[in-house]
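Student: Structure below; questions to follow.
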Amino acid sequence: MLKTNGWLRIWPPKSPDSNLYLAYDIDREADDQNEYLDGMDSNFLSATGLLSGSVKRFSTMVRSGRDNRRLLCYVSMGLVLVFFLLYYLVSRIQR
(Lines give C-alpha, C1' and ligand atoms only; values in the text may rest on other atoms or scores of the structure.)
Protein backbone atom coordinates (compact mmCIF):
# COMPACT_ATOMS: atom_id res chain seq x y z
CA MET A 1 0.00 0.00 0.00
CA LEU A 2 1.08 3.54 -0.78
CA LYS A 3 0.01 6.42 1.46
CA THR A 4 -0.21 9.86 -0.16
CA ASN A 5 -1.84 13.01 1.21
CA GLY A 6 -3.61 11.09 3.95
CA TRP A 7 -5.37 8.76 1.48
CA LEU A 8 -4.68 5.06 1.37
CA ARG A 9 -4.30 3.87 -2.17
CA ILE A 10 -3.79 0.32 -3.33
CA TRP A 11 -1.36 0.08 -6.21
CA PRO A 12 -1.33 -1.92 -8.38
CA PRO A 13 -5.06 -2.60 -8.05
CA LYS A 14 -5.80 -6.17 -7.09
CA SER A 15 -9.52 -6.14 -7.83
CA PRO A 16 -12.02 -4.28 -10.03
CA ASP A 17 -13.37 -2.58 -6.90
CA SER A 18 -9.99 -0.93 -6.37
CA ASN A 19 -10.21 0.57 -9.84
CA LEU A 20 -13.71 1.83 -9.07
CA TYR A 21 -12.58 3.52 -5.86
CA LEU A 22 -9.62 5.07 -7.63
CA ALA A 23 -11.84 6.40 -10.44
CA TYR A 24 -14.29 7.82 -7.90
CA ASP A 25 -11.44 9.51 -6.01
CA ILE A 26 -10.09 11.03 -9.23
CA ASP A 27 -13.58 12.30 -10.10
CA ARG A 28 -13.98 13.96 -6.69
CA GLU A 29 -10.55 15.56 -6.96
CA ALA A 30 -11.35 16.92 -10.43
CA ASP A 31 -14.63 18.38 -9.15
CA ASP A 32 -12.83 20.04 -6.23
CA GLN A 33 -10.22 21.54 -8.56
CA ASN A 34 -12.89 22.84 -10.94
CA GLU A 35 -14.74 24.48 -8.05
CA TYR A 36 -11.49 26.09 -6.88
CA LEU A 37 -10.75 27.42 -10.37
CA ASP A 38 -14.27 28.84 -10.69
CA GLY A 39 -13.69 30.76 -7.47
CA MET A 40 -10.43 32.13 -8.82
CA ASP A 41 -12.24 33.30 -11.96
CA SER A 42 -14.65 35.43 -9.94
CA ASN A 43 -11.73 36.88 -7.94
CA PHE A 44 -9.92 37.86 -11.14
CA LEU A 45 -13.08 39.49 -12.52
CA SER A 46 -13.52 41.62 -9.39
CA ALA A 47 -9.85 42.66 -9.50
CA THR A 48 -10.21 43.57 -13.18
CA GLY A 49 -13.20 45.76 -12.39
CA LEU A 50 -11.30 47.49 -9.60
CA LEU A 51 -8.27 48.15 -11.80
CA SER A 52 -10.32 49.46 -14.72
CA GLY A 53 -12.10 51.89 -12.37
CA SER A 54 -8.76 53.09 -11.00
CA VAL A 55 -7.33 53.61 -14.48
CA LYS A 56 -10.44 55.56 -15.46
CA ARG A 57 -10.10 57.89 -12.45
CA PHE A 58 -6.37 58.28 -13.12
CA SER A 59 -7.02 59.19 -16.78
CA THR A 60 -9.63 61.75 -15.74
CA MET A 61 -7.20 63.30 -13.28
CA VAL A 62 -4.40 63.51 -15.84
CA ARG A 63 -6.66 65.17 -18.43
CA SER A 64 -7.85 67.80 -15.94
CA GLY A 65 -6.16 71.10 -15.11
CA ARG A 66 -2.70 71.94 -13.89
CA ASP A 67 -3.54 71.84 -10.15
CA ASN A 68 -4.61 68.22 -10.33
CA ARG A 69 -1.43 67.30 -12.20
CA ARG A 70 0.66 68.85 -9.45
CA LEU A 71 -1.34 66.93 -6.83
CA LEU A 72 -0.94 63.76 -8.87
CA CYS A 73 2.83 64.29 -9.00
CA TYR A 74 3.03 64.74 -5.22
CA VAL A 75 0.86 61.72 -4.53
CA SER A 76 2.93 59.59 -6.93
CA MET A 77 6.20 60.65 -5.34
CA GLY A 78 4.75 60.00 -1.88
CA LEU A 79 3.65 56.49 -2.84
CA VAL A 80 7.08 55.69 -4.28
CA LEU A 81 8.76 56.92 -1.10
CA VAL A 82 6.39 54.89 1.10
CA PHE A 83 7.08 51.81 -1.01
CA PHE A 84 10.85 52.17 -0.65
CA LEU A 85 10.53 52.88 3.08
CA LEU A 86 8.44 49.73 3.60
CA TYR A 87 10.89 47.72 1.49
CA TYR A 88 13.79 48.96 3.61
CA LEU A 89 12.01 48.18 6.88
CA VAL A 90 10.99 44.68 5.78
CA SER A 91 14.51 43.88 4.57
CA ARG A 92 15.97 45.03 7.92
CA ILE A 93 13.51 42.90 9.87
CA GLN A 94 14.36 39.78 7.86
CA ARG A 95 18.08 40.03 8.60
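Chain labels run A, B, ... following the order of the C-alpha coordinates; each chain numbers its residues from 1, and ligands are numbered from 1 in the order shown.
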Please, which residues of chain A, numbered as in this document, come out helix (DSSP H, G or I) from DSSP, as a PyMOL selection string?

Tutor: chain A and resi 16-63+66-94

Student: Mind giving me the straight-line distance from CA of Met61 (chain A) to CA of Met77 (chain A) in Å, one decimal?

Tutor: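 According to the coordinates, CA of Met61 (chain A) and CA of Met77 (chain A) are separated by 15.8 Å.
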
Student: Run DSSP on the backbone and tell me which residues of chain A come out as strand (DSSP E); list them as a list of chain:residue names.

Tutor: A:Leu2, A:Lys3, A:Thr4, A:Trp7, A:Leu8, A:Arg9

Student: Could you write out that same residue set with all heavy atoms as an mmCIF file, in the first residue's frame?

Tutor:
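Output contents, as saved in out-v2.cif:
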data_model
loop_
_atom_site.group_PDB
_atom_site.id
_atom_site.type_symbol
_atom_site.label_atom_id
_atom_site.label_comp_id
_atom_site.auth_asym_id
_atom_site.auth_seq_id
_atom_site.Cartn_x
_atom_site.Cartn_y
_atom_site.Cartn_z
ATOM 1 N N LEU A 2 0.356 2.278 -0.669
ATOM 2 C CA LEU A 2 1.078 3.536 -0.780
ATOM 3 C C LEU A 2 0.221 4.622 -0.152
ATOM 4 O O LEU A 2 -0.950 4.764 -0.479
ATOM 5 C CB LEU A 2 1.325 3.840 -2.257
ATOM 6 C CG LEU A 2 1.977 5.166 -2.604
ATOM 7 C CD1 LEU A 2 3.416 5.158 -2.119
ATOM 8 C CD2 LEU A 2 1.946 5.379 -4.088
ATOM 9 N N LYS A 3 0.778 5.373 0.791
ATOM 10 C CA LYS A 3 0.014 6.418 1.458
ATOM 11 C C LYS A 3 0.451 7.773 0.918
ATOM 12 O O LYS A 3 1.625 8.123 0.986
ATOM 13 C CB LYS A 3 0.232 6.351 2.959
ATOM 14 C CG LYS A 3 -0.606 7.337 3.712
ATOM 15 C CD LYS A 3 -0.515 7.099 5.192
ATOM 16 C CE LYS A 3 -1.399 8.118 5.880
ATOM 17 N NZ LYS A 3 -1.614 7.813 7.249
ATOM 18 N N THR A 4 -0.510 8.526 0.356
ATOM 19 C CA THR A 4 -0.208 9.856 -0.156
ATOM 20 C C THR A 4 -1.302 10.810 0.272
ATOM 21 O O THR A 4 -2.478 10.523 0.140
ATOM 22 C CB THR A 4 -0.130 9.872 -1.698
ATOM 23 O OG1 THR A 4 -1.370 9.391 -2.211
ATOM 24 C CG2 THR A 4 0.996 9.022 -2.214
ATOM 25 N N TRP A 7 -4.489 9.737 2.118
ATOM 26 C CA TRP A 7 -5.375 8.761 1.481
ATOM 27 C C TRP A 7 -4.623 7.454 1.312
ATOM 28 O O TRP A 7 -3.474 7.430 0.913
ATOM 29 C CB TRP A 7 -5.828 9.240 0.104
ATOM 30 C CG TRP A 7 -6.655 10.465 0.138
ATOM 31 C CD1 TRP A 7 -6.216 11.740 -0.004
ATOM 32 C CD2 TRP A 7 -8.051 10.551 0.342
ATOM 33 N NE1 TRP A 7 -7.238 12.620 0.090
ATOM 34 C CE2 TRP A 7 -8.392 11.904 0.303
ATOM 35 C CE3 TRP A 7 -9.047 9.618 0.556
ATOM 36 C CZ2 TRP A 7 -9.687 12.346 0.473
ATOM 37 C CZ3 TRP A 7 -10.342 10.073 0.715
ATOM 38 C CH2 TRP A 7 -10.640 11.414 0.679
ATOM 39 N N LEU A 8 -5.284 6.375 1.611
ATOM 40 C CA LEU A 8 -4.681 5.065 1.373
ATOM 41 C C LEU A 8 -5.051 4.627 -0.034
ATOM 42 O O LEU A 8 -6.206 4.617 -0.432
ATOM 43 C CB LEU A 8 -5.209 4.036 2.381
ATOM 44 C CG LEU A 8 -4.686 4.202 3.792
ATOM 45 C CD1 LEU A 8 -5.364 3.194 4.698
ATOM 46 C CD2 LEU A 8 -3.188 3.996 3.841
ATOM 47 N N ARG A 9 -4.077 4.320 -0.801
ATOM 48 C CA ARG A 9 -4.297 3.870 -2.166
ATOM 49 C C ARG A 9 -3.658 2.511 -2.344
ATOM 50 O O ARG A 9 -2.563 2.248 -1.856
ATOM 51 C CB ARG A 9 -3.672 4.833 -3.157
ATOM 52 C CG ARG A 9 -4.012 6.256 -2.878
ATOM 53 C CD ARG A 9 -4.456 6.911 -4.064
ATOM 54 N NE ARG A 9 -4.779 8.281 -3.646
ATOM 55 C CZ ARG A 9 -5.302 9.153 -4.406
ATOM 56 N NH1 ARG A 9 -5.552 8.845 -5.628
ATOM 57 N NH2 ARG A 9 -5.585 10.338 -3.985
#

Student: So what do you get for CA of Val75 (chain A) versus CA of Asn43 (chain A), distance-wise?

Tutor: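 Result for CA of Val75 (chain A) versus CA of Asn43 (chain A): 28.1 Å, one decimal.
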
Student: In Å, how far is it from CA of Ile93 (chain A) to CA of Tyr74 (chain A)?

Tutor: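 Distance between the two atoms: 28.5 Å.
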
Student: May I have the residues within 12 Å of region 48-60 of chain A as a list in words, using only C-alpha atoms and disregarding those fewer than 4 positions away in the same chain?

Tutor: Asp41, Ser42, Asn43, Phe44, Ser64, Gly65, Asn68, Arg69, Leu71, Leu72, Cys73, Val75 and Ser76 of chain A
